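S.K.: Here's a structure for you.
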Amino acid sequence: MSTSHVIVGDGIAGSSAAETIREEDPDAEITVITDEGEALYNRILIKEYAKGKLPEAPISIHEPEWYEERDIDLELNTYVVNVDSDAHTVETHEGDVYEYDKLLIATGGTPAQLPVENSDADGINHFWTFQDAREIRGNVEDAGKGVIVGAGLLGIDLAAISGAQGLDAYYIMRGNRWWRYGLSLDGAEIMHDALEEIGITPVFEAGVDRFEVDDDGHVEAAVTPDGDRYDCDWAGVAIGLDFNTEWLQGSGVECDDGVVVDEHMWTGVEDIYAAGDITQFHDVILGERTQNGAWGSAKEQGNIAAKNMVDDSREEVFRWVPTYSITHFDFPFLSFGHPTIGDDEAERKYSDTEWRRLAFKDGKLVGGVLIGDLSQQSTYKKLIREEWDVADRKELLLEEDVDLDRLEGAIEAN
Ligand SMILES: Cc1cc2nc3c(=O)[nH]c(=O)nc-3n(C[C@H](O)[C@H](O)[C@H](O)COP(=O)(O)OP(=O)(O)OC[C@H]3O[C@@H](n4cnc5c(N)ncnc54)[C@H](O)[C@@H]3O)c2cc1C
């Protein structure tokens, strides 16, 4: 008898799981359910579309035919509202019920709204879906002045979209710099200069107390708690994600700012796995629970979950060093591993556009940020993957070209 796999979410985690299940089990029944109206597309590229640089076509990854060719049942525009883990069923908003032998939760997150007055006014965008990108593209094209809120990796995408379309904007940040959890002021200043060059003015130590709207309900200003008023007819907000776990209530699946899974992507509830941004997973390199919000790691989690769904022995382990790059400026930027955690750090500025920061935990490298020169990324990722004890070798690690033989010699001589 064939096994029935139901996958909720057709992002990169859900879609790659479907592909892997089909490769591993030609007889399996596979259903992918998504509330979006289109099949998998490249979420990383939607910012290029919103900038006005790309047509729609290259953003799409799978047409519906891709699923048909693999005998995968794709249900678009279908929101899953409930799971009954005893009966092994999920229910959709239209009351349809799907039975599963194995279930994959791959529902990712939804952008959090600023909890302030008028945060849902016309002209204010959050950014997650292709549909959001279409709206942002149009709104930014029509706007005369912008405001961006959220000093993180998605906020800077909104700033870059604004800059690329020639819209001057204020970029309101809570602290004294962009991405203060990952960068020191030295590193962040490189990003601030780059933002200013494209017409984006950073505003530090500020927040949004409320948005003001005109008679038609369209945003016309962001007002800070100090009463400073920033005129705008477009605002982009990226202050983090709320994970899509409501439909799991009562299922027995542990939810804690996401879905808790082990290193096999198993939730601990019989036959239910999870993959992608939504997981709070046991990281075998760090030896602790963590979460990633990156395309490559969501894809790999989908593959690992799929293999474990097909073969119940749960031999496949997720072991991964994530990366996240920013390509908006004329220098590259890469975050690798987990740069926002740790108990020790080291950094160096090499030139006006070259800077590095490394984060350590329990004597090991766990992550970092590279600006300007990415040549050492595979060396650092190897050190993380292989769990080298390098925290007291910071000088060698910060050399422009890290010499692994010297590093190994220095560690052995200790
Ligand atoms: C603008 C932007 C730029 C990014 N840039 C980068 C980058 O440069 N590098 C990088 O590594 N990462 C980047 N990311 C992050 C990356 O895209 C995500 O980490 C990745 O897409 C997560 O994949 P996922 O499959 O876990 O979740 P998602 O892609 O969020 O997919 C989840 C899907 O489930 C659907 N869903 C949710 N609830 C339900 C339900 N109840 N019923 C049915 N369907 C449901 C959602 O609508 C969605 O389609 C970017 C993200 C965005 C938005």
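Simple scheme: letters A, B, ... for chains in structure tokens order, numbers from 1 for residues in each chain, numbers from 1 for ligands in the order shown.
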Could you give me the residues within 7 Å of ligand 1, counting only C-alpha atoms and all ligand atoms, as an MDAnalysis selection string?

M.R.: chainID A and resid 8:14 33:36 43:47 78:81 106:109 127:129 154 157 244 247 275:278 293:296 298 323:326

S.K.: Would you save the residues from that selection as a compact mmCIF listing (two decimals), in the first residue's frame, using C-alpha atoms?

M.R.:
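Saved as out_33.txt:
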# COMPACT_ATOMS: atom_id res chain seq x y z
CA VAL A 8 1.40 22.17 4.27
CA GLY A 9 3.28 25.07 2.69
CA ASP A 10 4.76 25.31 -0.81
CA GLY A 11 7.75 27.47 0.04
CA ILE A 12 11.23 26.12 -0.55
CA ALA A 13 11.02 23.80 2.49
CA GLY A 14 7.70 22.21 1.49
CA ILE A 33 -1.30 22.54 0.16
CA THR A 34 -0.65 26.29 0.08
CA ASP A 35 -2.75 29.34 0.78
CA GLU A 36 -0.86 31.27 -1.88
CA ARG A 43 11.40 34.49 -2.48
CA ILE A 44 14.97 35.78 -2.54
CA LEU A 45 14.45 37.36 -5.97
CA ILE A 46 11.16 39.15 -5.28
CA LYS A 47 13.14 42.15 -4.01
CA THR A 78 -6.14 26.53 0.30
CA TYR A 79 -5.62 27.45 3.93
CA VAL A 80 -5.19 24.62 6.43
CA VAL A 81 -7.07 25.46 9.62
CA ALA A 106 6.30 23.94 6.31
CA THR A 107 4.18 27.03 6.86
CA GLY A 108 6.95 29.55 7.60
CA GLY A 109 6.05 32.95 8.99
CA PHE A 127 7.18 42.14 2.69
CA TRP A 128 6.99 38.37 2.33
CA THR A 129 5.12 37.23 -0.77
CA LEU A 154 14.50 42.44 5.32
CA ASP A 157 15.80 45.10 1.22
CA ASN A 244 2.21 30.32 11.26
CA TRP A 247 -3.62 25.70 12.90
CA ALA A 275 10.91 22.11 8.10
CA GLY A 276 12.01 25.60 7.12
CA ASP A 277 11.81 28.98 8.81
CA ILE A 278 9.12 27.75 11.20
CA GLY A 293 15.61 32.26 8.44
CA ALA A 294 17.47 31.43 5.26
CA TRP A 295 16.64 29.86 1.92
CA GLY A 296 19.44 27.27 1.85
CA ALA A 298 14.95 25.77 4.67
CA THR A 323 24.52 31.86 5.00
CA TYR A 324 22.61 34.98 4.01
CA SER A 325 23.99 37.48 1.54
CA ILE A 326 23.08 41.02 0.56

S.K.: Quick one: residues within 8 Å of Gln113 of chain A, only C-alpha atoms, excluding same-chain residues fewer than 4 positions away - as a list of chain:residue names?

M.R.: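 That gives A:Ser119, A:Asp120, A:His126, A:Val237, A:Ile239.
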
S.K.: Write out as a PyMOL selection string each polymer residue whose atoms come within 10 Å of Leu396 of chain A, counting only C-alpha atoms; drop sequence neighbours fewer than 6 positions from it.

M.R.: chain A and resi 390+402-404+406-407+410

S.K.: Taking the chain letters and numbering used in this document, name the residues of segment 29-220 of chain A that DSSP puts in strand (DSSP E or B), as a short mmCIF file (atom, residue, chain, number, x, y, z; two decimals) with N, CA and C atoms, in the first residue's frame.

M.R.:
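Below is the file that was written, part_25.cif:
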data_model
loop_
_atom_site.label_atom_id
_atom_site.label_comp_id
_atom_site.auth_asym_id
_atom_site.auth_seq_id
_atom_site.Cartn_x
_atom_site.Cartn_y
_atom_site.Cartn_z
N GLU A 29 1.83 8.74 -2.29
CA GLU A 29 0.85 9.78 -2.64
C GLU A 29 1.33 11.07 -1.98
N ILE A 30 1.44 12.14 -2.75
CA ILE A 30 1.97 13.40 -2.20
C ILE A 30 0.98 14.53 -2.49
N THR A 31 0.62 15.26 -1.45
CA THR A 31 -0.25 16.43 -1.61
C THR A 31 0.46 17.63 -0.99
N VAL A 32 0.55 18.72 -1.75
CA VAL A 32 1.12 19.96 -1.23
C VAL A 32 0.00 20.99 -1.19
N ILE A 33 -0.20 21.58 -0.02
CA ILE A 33 -1.30 22.54 0.16
C ILE A 33 -0.71 23.91 0.50
N TYR A 41 7.96 30.02 -5.91
CA TYR A 41 8.76 31.02 -6.62
C TYR A 41 9.95 31.37 -5.75
N SER A 60 9.56 32.81 -10.89
CA SER A 60 8.87 31.53 -10.69
C SER A 60 9.88 30.39 -10.74
N ILE A 72 2.35 14.92 -8.19
CA ILE A 72 2.16 15.57 -6.88
C ILE A 72 0.89 16.42 -6.99
N ASP A 73 -0.01 16.25 -6.04
CA ASP A 73 -1.27 17.00 -6.05
C ASP A 73 -1.00 18.36 -5.39
N LEU A 74 -1.15 19.44 -6.17
CA LEU A 74 -0.91 20.78 -5.62
C LEU A 74 -2.24 21.48 -5.40
N GLU A 75 -2.49 21.90 -4.19
CA GLU A 75 -3.73 22.63 -3.87
C GLU A 75 -3.37 24.08 -3.59
N VAL A 80 -4.95 25.71 5.48
CA VAL A 80 -5.19 24.62 6.43
C VAL A 80 -5.50 25.24 7.79
N VAL A 81 -6.63 24.82 8.38
CA VAL A 81 -7.07 25.46 9.62
C VAL A 81 -6.89 24.57 10.84
N ASN A 82 -6.69 23.27 10.60
CA ASN A 82 -6.70 22.38 11.75
C ASN A 82 -5.99 21.08 11.41
N VAL A 83 -5.38 20.46 12.45
CA VAL A 83 -4.83 19.12 12.27
C VAL A 83 -5.34 18.26 13.43
N ASP A 84 -5.78 17.06 13.10
CA ASP A 84 -6.19 16.09 14.12
C ASP A 84 -5.14 14.99 14.10
N THR A 89 -5.52 13.59 10.18
CA THR A 89 -6.18 14.38 9.12
C THR A 89 -5.85 15.86 9.29
N VAL A 90 -5.89 16.58 8.17
CA VAL A 90 -5.87 18.05 8.24
C VAL A 90 -7.14 18.55 7.56
N GLU A 91 -7.59 19.73 8.00
CA GLU A 91 -8.83 20.28 7.46
C GLU A 91 -8.53 21.66 6.88
N THR A 92 -9.16 21.97 5.76
CA THR A 92 -8.93 23.26 5.12
C THR A 92 -10.05 24.25 5.45
N VAL A 97 -11.15 17.63 3.99
CA VAL A 97 -10.31 16.89 4.93
C VAL A 97 -9.33 16.02 4.14
N TYR A 98 -8.07 16.09 4.50
CA TYR A 98 -7.04 15.26 3.87
C TYR A 98 -6.48 14.31 4.91
N GLU A 99 -6.46 13.03 4.57
CA GLU A 99 -5.84 12.05 5.48
C GLU A 99 -4.36 11.95 5.16
N LYS A 102 1.94 10.62 6.78
CA LYS A 102 3.01 11.50 7.28
C LYS A 102 2.62 12.93 6.94
N LEU A 103 2.87 13.83 7.88
CA LEU A 103 2.52 15.24 7.68
C LEU A 103 3.77 16.11 7.83
N LEU A 104 3.95 17.05 6.91
CA LEU A 104 5.04 18.02 7.05
C LEU A 104 4.46 19.41 7.25
N ILE A 105 4.91 20.04 8.32
CA ILE A 105 4.55 21.43 8.61
C ILE A 105 5.64 22.31 7.99
N GLY A 109 6.54 31.85 8.15
CA GLY A 109 6.05 32.95 8.99
C GLY A 109 5.34 34.02 8.17
N THR A 110 4.72 34.94 8.89
CA THR A 110 4.02 36.08 8.29
C THR A 110 4.59 37.34 8.94
N PRO A 111 4.87 38.39 8.16
CA PRO A 111 5.46 39.59 8.76
C PRO A 111 4.63 40.16 9.90
N GLU A 117 -0.99 52.88 15.84
CA GLU A 117 -2.17 53.40 15.12
C GLU A 117 -1.88 53.51 13.62
N ASP A 122 -3.39 52.51 3.86
CA ASP A 122 -2.95 52.41 2.46
C ASP A 122 -1.55 53.00 2.35
N ILE A 124 1.18 51.46 3.18
CA ILE A 124 2.13 50.81 4.09
C ILE A 124 2.24 49.34 3.70
N ASN A 125 3.44 48.90 3.43
CA ASN A 125 3.65 47.51 3.02
C ASN A 125 4.52 46.74 3.98
N GLY A 146 9.56 58.24 1.19
CA GLY A 146 9.32 56.97 1.88
C GLY A 146 9.85 56.95 3.31
N VAL A 147 9.32 55.97 4.06
CA VAL A 147 9.84 55.67 5.40
C VAL A 147 10.01 54.16 5.48
N ILE A 148 11.12 53.72 6.06
CA ILE A 148 11.34 52.29 6.27
C ILE A 148 11.54 52.05 7.76
N VAL A 149 10.92 50.98 8.24
CA VAL A 149 11.02 50.65 9.67
C VAL A 149 11.50 49.21 9.79
N ALA A 169 14.16 58.15 1.11
CA ALA A 169 13.40 57.65 2.27
C ALA A 169 14.20 57.84 3.55
N TYR A 170 13.45 57.95 4.66
CA TYR A 170 14.05 57.89 6.00
C TYR A 170 14.02 56.44 6.45
N TYR A 171 15.11 55.99 7.06
CA TYR A 171 15.17 54.61 7.55
C TYR A 171 15.24 54.70 9.07
N ILE A 172 14.11 54.42 9.71
CA ILE A 172 13.99 54.62 11.17
C ILE A 172 14.47 53.37 11.91
N ILE A 200 18.91 57.02 0.97
CA ILE A 200 18.22 56.58 2.18
C ILE A 200 18.91 57.23 3.39
N THR A 201 18.14 57.94 4.20
CA THR A 201 18.71 58.63 5.35
C THR A 201 18.42 57.85 6.63
N PRO A 202 19.45 57.28 7.27
CA PRO A 202 19.19 56.58 8.52
C PRO A 202 18.81 57.56 9.63
N VAL A 203 17.82 57.16 10.43
CA VAL A 203 17.41 57.95 11.60
C VAL A 203 17.58 57.02 12.79
N ARG A 210 3.17 56.29 15.83
CA ARG A 210 1.92 56.16 15.05
C ARG A 210 2.17 56.62 13.62
N PHE A 211 1.30 56.17 12.73
CA PHE A 211 1.30 56.72 11.37
C PHE A 211 0.13 57.68 11.26
N GLU A 212 0.34 58.75 10.54
CA GLU A 212 -0.79 59.66 10.25
C GLU A 212 -1.27 59.43 8.83
N VAL A 213 -2.58 59.58 8.63
CA VAL A 213 -3.15 59.31 7.31
C VAL A 213 -3.92 60.53 6.82
N HIS A 218 -4.77 57.25 3.38
CA HIS A 218 -3.43 56.93 2.86
C HIS A 218 -2.37 57.51 3.80
N VAL A 219 -1.32 56.74 4.03
CA VAL A 219 -0.29 57.21 4.97
C VAL A 219 0.30 58.54 4.50
N GLU A 220 0.52 59.44 5.47
CA GLU A 220 1.18 60.71 5.09
C GLU A 220 2.35 61.06 6.00
#

S.K.: Please, what distance in Å, to one decimal, runs between atom CA of Trp179 of chain A and atom CA of Phe204 of chain A?

M.R.: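 If I compute the distance from atom CA of Trp179 of chain A to atom CA of Phe204 of chain A, I get 11.7 Å.
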
S.K.: Which residues are near Asp226 of chain A? Cut-off 9 Å, only C-alpha atoms, ignore same chain within fewer than 2 positions. Put them as JSON, numbers by chain.

M.R.: {"A": [206, 207, 209, 223, 224, 228, 229]}

S.K.: Quick check, in Å to one decimal: how far apart do atom CA of Ala222 of chain A and atom CA of Val208 of chain A lie?

M.R.: 6.2 Å

S.K.: Counting only C-alpha atoms, figure out which residue out of A:Ala305, A:Val284, A:Trp355, A:Leu185 gets nearest to Glu387 of chain A.

M.R.: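 Checking each candidate against Glu387 of chain A, we get A:Val284 as the closest.
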
S.K.: Give me the residues of segment 184-280 of chain A that have any atom at most 10 Å from an atom of segment 332-352 of chain A; for each, the nearest atom pair and the distance in Å, rounded to one decimal. Use only C-alpha atoms, sort by chain and number, and format it as JSON lines.

M.R.:
{"residue": "A:Ser184", "atom": "CA", "partner": "A:Glu347", "partner_atom": "CA", "distance": 8.6}
{"residue": "A:Asp186", "atom": "CA", "partner": "A:Lys349", "partner_atom": "CA", "distance": 7.2}
{"residue": "A:Gly187", "atom": "CA", "partner": "A:Lys349", "partner_atom": "CA", "distance": 7.5}
{"residue": "A:Glu189", "atom": "CA", "partner": "A:Asp352", "partner_atom": "CA", "distance": 9.3}
{"residue": "A:Ile190", "atom": "CA", "partner": "A:Asp352", "partner_atom": "CA", "distance": 7.0}
{"residue": "A:Met191", "atom": "CA", "partner": "A:Phe333", "partner_atom": "CA", "distance": 9.3}
{"residue": "A:Asp193", "atom": "CA", "partner": "A:Asp352", "partner_atom": "CA", "distance": 9.8}

S.K.: Using only C-alpha atoms, find the one residue out of A:Asn414, A:Ile371, A:Ala121, A:His192 that sits nearest to Asp389 of chain A.

M.R.: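 Of A:Asn414, A:Ile371, A:Ala121, A:His192, the one nearest Asp389 of chain A is A:Asn414, counting only C-alpha atoms.
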
S.K.: Which parts of segment 166-343 of chain A does DSSP call helix (DSSP H, G or I) when run on the backbone here, written out as a ChimeraX atom specification?

M.R.: /A:185-197,246-248,295-310

S.K.: Mind writing the picked residues with C-alpha atoms as a compact mmCIF listing (two decimals), in the first residue's frame?

M.R.:
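Output contents, as saved in again07.txt:
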# COMPACT_ATOMS: atom_id res chain seq x y z
CA LEU A 185 29.25 50.46 14.72
CA ASP A 186 32.37 50.06 12.55
CA GLY A 187 30.70 47.50 10.33
CA ALA A 188 27.32 49.20 10.34
CA GLU A 189 28.82 52.50 9.22
CA ILE A 190 29.82 50.90 5.92
CA MET A 191 26.16 49.99 5.43
CA HIS A 192 24.95 53.45 6.50
CA ASP A 193 27.26 55.12 3.95
CA ALA A 194 25.99 52.79 1.25
CA LEU A 195 22.38 53.58 2.17
CA GLU A 196 23.02 57.33 2.05
CA GLU A 197 24.53 56.94 -1.40
CA GLU A 246 -2.34 28.74 14.81
CA TRP A 247 -3.62 25.70 12.90
CA LEU A 248 -1.56 23.39 15.13
CA TRP A 295 16.64 29.86 1.92
CA GLY A 296 19.44 27.27 1.85
CA SER A 297 18.74 25.97 5.31
CA ALA A 298 14.95 25.77 4.67
CA LYS A 299 15.67 23.74 1.54
CA GLU A 300 17.99 21.35 3.36
CA GLN A 301 15.54 20.93 6.23
CA GLY A 302 12.85 20.02 3.67
CA ASN A 303 15.14 17.35 2.21
CA ILE A 304 16.07 15.92 5.60
CA ALA A 305 12.46 15.87 6.80
CA ALA A 306 11.38 14.16 3.58
CA LYS A 307 13.95 11.39 3.90
CA ASN A 308 12.93 10.76 7.48
CA MET A 309 9.24 10.79 6.52
CA VAL A 310 9.88 8.11 3.90

S.K.: As a list in words, please: the residues near Gly138 of chain A (cut-off 10 Å, only C-alpha atoms, same-chain neighbours under 3 positions excluded).

M.R.: Ala50, Lys51, Gly52, Gly123, Ala133, Arg134, Glu135, Glu141, Asp142 and Ala143 of chain A

S.K.: Could you jot down the atom CA of Asp401 of chain A to atom CA of Leu365 of chain A separation for me, Å, one decimal place?

M.R.: 16.6 Å

S.K.: Let me make sure I understand: among A:Asp101, A:Asp27, A:Glu94, A:Asp271, which one has the smallest atom-to-atom distance to Ser313 of chain A if we use only C-alpha atoms?

M.R.: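 Of A:Asp101, A:Asp27, A:Glu94, A:Asp271, the one nearest Ser313 of chain A is A:Asp271, counting only C-alpha atoms.
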
S.K.: With distances taken over only C-alpha atoms, which of A:Gly368, A:Gly150, A:Gly166, A:Pro115 is nearest to Ala235 of chain A?

M.R.: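 Going through A:Gly368, A:Gly150, A:Gly166, A:Pro115 one by one, the smallest distance to Ala235 of chain A is for A:Gly150.
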
S.K.: Using only C-alpha atoms, which residues sit within 7 Å of Ala391 of chain A once same-chain residues fewer than 3 positions away are excluded, as a compact mmCIF listing (two decimals) with C-alpha atoms, in the first residue's frame?

M.R.:
# COMPACT_ATOMS: atom_id res chain seq x y z
CA PHE A 360 32.51 32.52 19.31
CA GLY A 363 35.74 28.41 22.49
CA LYS A 364 34.39 27.66 19.00
CA LEU A 365 33.55 29.84 16.03
CA LYS A 394 41.75 35.53 16.89
